[in-house]
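So this one's final-v4.tsv, TSV, C-alpha atoms:
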chain	number	residue	atom	x	y	z
A	1	MET	CA	-29.58	85.73	-30.94
A	2	ALA	CA	-27.20	87.96	-28.97
A	3	GLY	CA	-29.82	90.63	-28.20
A	4	THR	CA	-31.96	88.16	-26.28
A	5	ARG	CA	-29.36	88.00	-23.48
A	6	LEU	CA	-30.40	91.52	-22.56
A	7	ASP	CA	-33.69	92.55	-21.06
A	8	PRO	CA	-35.67	95.50	-22.45
A	9	ILE	CA	-34.22	97.93	-19.88
A	10	ASP	CA	-30.63	96.95	-20.79
A	11	ARG	CA	-31.41	97.45	-24.48
A	12	LYS	CA	-32.99	100.85	-23.74
A	13	ILE	CA	-29.89	101.85	-21.75
A	14	LEU	CA	-27.69	100.91	-24.70
A	15	ALA	CA	-29.90	102.77	-27.17
A	16	GLU	CA	-29.91	105.92	-25.03
A	17	LEU	CA	-26.15	105.85	-24.44
A	18	GLN	CA	-25.51	105.20	-28.13
A	19	ALA	CA	-27.52	108.34	-28.95
A	20	ASP	CA	-25.91	110.43	-26.19
A	21	GLY	CA	-23.02	108.98	-24.22
A	22	ARG	CA	-22.56	112.20	-22.23
A	23	MET	CA	-25.84	112.14	-20.32
A	24	THR	CA	-25.69	111.77	-16.58
A	25	ASN	CA	-26.67	108.56	-14.89
A	26	VAL	CA	-29.64	110.38	-13.33
A	27	GLU	CA	-30.89	111.48	-16.78
A	28	LEU	CA	-30.30	107.99	-18.20
A	29	ALA	CA	-32.22	106.38	-15.32
A	30	LYS	CA	-35.11	108.79	-15.90
A	31	ARG	CA	-35.22	108.00	-19.62
A	32	VAL	CA	-35.29	104.23	-19.08
A	33	GLY	CA	-37.70	104.36	-16.16
A	34	ILE	CA	-35.60	103.11	-13.24
A	35	SER	CA	-33.82	104.77	-10.32
A	36	ALA	CA	-30.20	105.92	-10.56
A	37	PRO	CA	-28.41	103.25	-8.42
A	38	PRO	CA	-29.69	100.19	-10.35
A	39	CYS	CA	-29.15	102.09	-13.60
A	40	LEU	CA	-25.49	102.64	-12.74
A	41	ARG	CA	-25.10	98.97	-11.79
A	42	ARG	CA	-26.61	97.94	-15.13
A	43	VAL	CA	-24.32	100.28	-17.06
A	44	ARG	CA	-21.26	98.88	-15.28
A	45	THR	CA	-22.45	95.33	-15.96
A	46	LEU	CA	-22.95	96.19	-19.66
A	47	GLU	CA	-19.43	97.65	-19.74
A	48	ASP	CA	-17.91	94.62	-18.01
A	49	ALA	CA	-19.75	92.24	-20.35
A	50	GLY	CA	-18.38	94.07	-23.40
A	51	PHE	CA	-21.67	95.49	-24.71
A	52	ILE	CA	-20.28	99.00	-24.14
A	53	LYS	CA	-16.78	99.22	-25.58
A	54	GLY	CA	-16.10	102.86	-24.73
A	55	TYR	CA	-17.23	106.46	-24.85
A	56	HIS	CA	-15.99	108.82	-27.52
A	57	ALA	CA	-16.52	112.34	-28.79
A	58	ASP	CA	-17.64	112.51	-32.42
A	59	VAL	CA	-15.10	115.01	-33.71
A	60	ASP	CA	-15.34	116.73	-37.08
A	61	ALA	CA	-12.23	115.69	-39.01
A	62	ARG	CA	-12.55	118.54	-41.52
A	63	GLU	CA	-12.85	121.15	-38.79
A	64	LEU	CA	-9.59	119.80	-37.38
A	65	GLY	CA	-7.83	120.12	-40.73
A	66	PHE	CA	-8.21	116.59	-42.07
A	67	GLU	CA	-9.65	117.54	-45.44
A	68	VAL	CA	-9.09	114.22	-47.18
A	69	GLN	CA	-10.91	110.95	-46.51
A	70	VAL	CA	-10.03	107.90	-48.60
A	71	PHE	CA	-11.12	104.29	-48.72
A	72	ALA	CA	-8.26	101.98	-49.70
A	73	MET	CA	-9.05	98.47	-50.92
A	74	VAL	CA	-6.04	96.27	-50.22
A	75	GLY	CA	-5.26	92.90	-51.76
A	76	LEU	CA	-2.63	90.78	-50.04
A	77	GLN	CA	-0.34	88.27	-51.75
A	78	SER	CA	-0.92	85.71	-48.99
A	79	GLN	CA	-4.03	85.14	-46.89
A	80	ALA	CA	-2.35	82.87	-44.36
A	81	GLU	CA	-3.56	83.73	-40.86
A	82	ALA	CA	-0.13	84.95	-39.76
A	83	ASP	CA	0.01	87.32	-42.77
A	84	LEU	CA	-3.52	88.61	-42.16
A	85	SER	CA	-2.73	89.26	-38.50
A	86	ALA	CA	0.54	90.98	-39.37
A	87	PHE	CA	-1.26	93.33	-41.75
A	88	GLU	CA	-3.94	94.10	-39.15
A	89	GLU	CA	-1.24	94.90	-36.60
A	90	GLN	CA	0.47	97.22	-39.08
A	91	CYS	CA	-2.83	99.01	-39.70
A	92	ARG	CA	-3.24	99.60	-35.95
A	93	ASN	CA	0.12	101.41	-36.01
A	94	TRP	CA	-0.73	103.81	-38.86
A	95	PRO	CA	-2.35	106.98	-37.50
A	96	LEU	CA	-3.99	107.89	-40.82
A	97	VAL	CA	-5.84	104.53	-40.90
A	98	ARG	CA	-8.96	105.05	-38.79
A	99	GLU	CA	-10.74	101.79	-39.63
A	100	CYS	CA	-9.54	98.45	-40.97
A	101	HIS	CA	-11.92	95.67	-41.98
A	102	MET	CA	-11.11	92.26	-43.46
A	103	LEU	CA	-13.51	91.41	-46.29
A	104	ASN	CA	-14.67	88.36	-48.17
A	105	GLY	CA	-14.34	88.55	-51.94
A	106	GLU	CA	-11.95	90.25	-54.35
A	107	VAL	CA	-10.51	92.63	-51.74
A	108	ASP	CA	-8.86	91.40	-48.55
A	109	PHE	CA	-9.11	94.63	-46.51
A	110	ILE	CA	-10.77	97.99	-46.72
A	111	LEU	CA	-9.15	100.86	-44.87
A	112	LYS	CA	-10.77	104.16	-44.00
A	113	CYS	CA	-8.05	106.79	-43.98
A	114	VAL	CA	-7.96	110.50	-43.18
A	115	ALA	CA	-5.24	112.99	-44.05
A	116	PRO	CA	-4.74	116.74	-43.88
A	117	ASP	CA	-4.35	116.97	-47.66
A	118	LEU	CA	-3.92	114.86	-50.76
A	119	SER	CA	-0.12	115.02	-50.74
A	120	SER	CA	-0.04	113.69	-47.16
A	121	PHE	CA	-2.22	110.77	-48.16
A	122	GLN	CA	-0.12	110.15	-51.28
A	123	LYS	CA	3.04	110.06	-49.13
A	124	PHE	CA	1.40	107.51	-46.79
A	125	LEU	CA	0.22	105.47	-49.78
A	126	THR	CA	3.55	105.35	-51.61
A	127	SER	CA	6.01	105.20	-48.72
A	128	GLU	CA	4.08	103.08	-46.22
A	129	LEU	CA	1.05	101.18	-47.49
A	130	LEU	CA	2.42	100.12	-50.89
A	131	THR	CA	5.82	99.19	-49.45
A	132	THR	CA	4.39	96.95	-46.72
A	133	GLY	CA	5.35	93.31	-47.10
A	134	ASN	CA	2.60	91.08	-48.50
A	135	VAL	CA	0.61	93.97	-50.03
A	136	GLY	CA	-0.12	92.96	-53.61
A	137	SER	CA	-2.53	95.67	-54.74
A	138	VAL	CA	-4.19	98.84	-53.52
A	139	LYS	CA	-7.11	100.66	-55.10
A	140	THR	CA	-8.21	103.95	-53.57
A	141	SER	CA	-11.40	105.99	-53.68
A	142	LEU	CA	-11.46	109.57	-52.50
A	143	VAL	CA	-14.59	110.50	-50.52
A	144	ILE	CA	-16.37	113.46	-52.11
A	145	ARG	CA	-18.96	113.77	-49.35
A	146	GLY	CA	-20.67	111.63	-46.75
A	147	ALA	CA	-24.42	111.14	-46.65
A	148	LYS	CA	-24.71	109.06	-43.48
A	149	ASP	CA	-22.44	108.10	-40.61
A	150	ASP	CA	-24.53	106.55	-37.84
A	151	PRO	CA	-22.62	104.79	-35.08
A	152	GLY	CA	-23.61	101.52	-33.45
A	153	VAL	CA	-26.66	99.47	-34.31
A	154	PRO	CA	-30.33	100.23	-35.12
A	155	PHE	CA	-32.05	99.33	-31.86
A	156	ASP	CA	-35.51	99.69	-33.40
A	157	VAL	CA	-34.67	96.84	-35.79
A	158	LEU	CA	-33.43	94.72	-32.88
A	159	GLU	CA	-36.61	95.37	-30.89
A	160	GLU	CA	-38.76	94.47	-33.90
A	161	ARG	CA	-36.89	91.18	-34.40
A	162	LEU	CA	-37.19	90.33	-30.71
A	163	SER	CA	-40.92	91.10	-30.65
A	164	ARG	CA	-41.50	88.74	-33.62
A	165	SER	CA	-39.58	85.89	-31.96
A	166	GLU	CA	-41.62	86.01	-28.74

So that I can check it, write out the structure of this file as structure tokens.
Amino acid sequence: MAGTRLDPIDRKILAELQADGRMTNVELAKRVGISAPPCLRRVRTLEDAGFIKGYHADVDARELGFEVQVFAMVGLQSQAEADLSAFEEQCRNWPLVRECHMLNGEVDFILKCVAPDLSSFQKFLTSELLTTGNVGSVKTSLVIRGAKDDPGVPFDVLEERLSRSE
């Protein structure tokens, strides 16, 4: 299990930073019960090892004028690896596509998109997404409201699993 490569202090550091990535190293060290210099070394090691991928502000899309959020379920005509990779690369180049996930089952990809308004999304849908080579079908669902949007992983579940395996 991947979580076992980390000791309890590393996992606590990750949980604290996931909850508040803006805290100072001194505050983080205090919360996890170690001094600041080894805390900073651990954080840098976690970054270098890829456990921490980055630090981001959680901006409110609607406050910034992006009133429309849509999930687009995309079916491709070919699932050859080169075609899958080409579609993923195209998704990385579309600013309105904020997330792209390849799925198993009836749908090949699900895209989370944001747009200032419905007409902007419709323009993206009809002039870009639907005209992309290899796209066979697209079904969209407009988000009415969100009920939960927690980032990262549930560290309490990880700790419970680790305590049972010891």

*Quick one: everything within 7 Å of range 69-82 of chain A, counting only C-alpha atoms, minus sequence neighbours fewer than 3 positions away in the same chain. Send it as a list in words.*
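Selected residues are Ser85, Ala86, Val107, Asp108, Phe109, Ile110, Leu111, Lys112, Cys113, Val114, Ala115, Asn134, Val135, Gly136, Ser137, Val138, Lys139, Thr140, Ser141, Leu142 and Val143 of chain A.
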
*What separation in Å, quoted to one decimal, exists between CA of Lys12 in chain A and CA of Val32 in chain A?*
6.2 Å

*Who sits within 9 Å of Val26 in chain A, all atoms listed in the file, same chain under 4 positions skipped, as a PyMOL selection string*: chain A and resi 30-31+35-37+39-40

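Using all atoms listed in the file, the protein and nucleic acid residues lying no more than 9 Å from range 7-10 of chain A, apart from those fewer than 6 places from it along its own chain, are Val32, Gly33, Ile34, Cys39, Arg42, Val43, Leu46 and Glu159 of chain A.
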
Using all atoms listed in the file, which protein or nucleic acid residues come within 12 Å of Asp149 in chain A? Drop anything in the same chain fewer than 4 positions from it, and give the result as a PDB file with C-alpha atoms, keeping the file's coordinate frame.
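Output file around_27.pdb is given in full below:
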ATOM      1  CA  ASP A  58     -17.640 112.510 -32.420  1.00  0.00           C
ATOM      2  CA  ASP A  60     -15.340 116.730 -37.080  1.00  0.00           C
ATOM      3  CA  ARG A 145     -18.960 113.770 -49.350  1.00  0.00           C
ATOM      4  CA  VAL A 153     -26.660  99.470 -34.310  1.00  0.00           C
TER       5      VAL A 153
END

*Quick one, how far is CA of Val59 in chain A from CA of Glu128 in chain A?*
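Atom-to-atom, CA of Val59 in chain A to CA of Glu128 in chain A, that is 25.8 Å.
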
*Pick out the closest residue to Ala61 in chain A from this set: A:Arg11, A:Asp117, A:Leu158, A:Leu84. Count only C-alpha atoms.*
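Nearest candidate to Ala61 in chain A out of A:Arg11, A:Asp117, A:Leu158, A:Leu84: A:Asp117.
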
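Shell of Glu47 in chain A at 12 Å, with all atoms listed in the file counted and residues fewer than 5 places along the chain excluded, is Asp10, Ile13, Leu14, Leu17, Leu40, Arg41, Arg42, Ile52, Lys53, Gly54 and Tyr55 of chain A.
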
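Taking CA of Pro151 in chain A and CA of Leu125 in chain A as the two end points, the separation is 27.2 Å.
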
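Nearest to Trp94 in chain A of all the residues A:Ser120, A:Asp156, A:Glu106, A:Leu129 is A:Leu129, based on only C-alpha atoms.
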
*With only C-alpha atoms as the atoms that count, which of A:Leu28, A:Leu162, A:Lys148, A:Phe121 lies nearest to Leu6 in chain A?*
A:Leu162

*Top pick for closest residue to Glu88 in chain A, considering A:Thr131, A:Cys100, A:Ala49, A:Gln122 and counting only C-alpha atoms*: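 Of the candidates, the smallest distance to Glu88 in chain A is held by A:Cys100.
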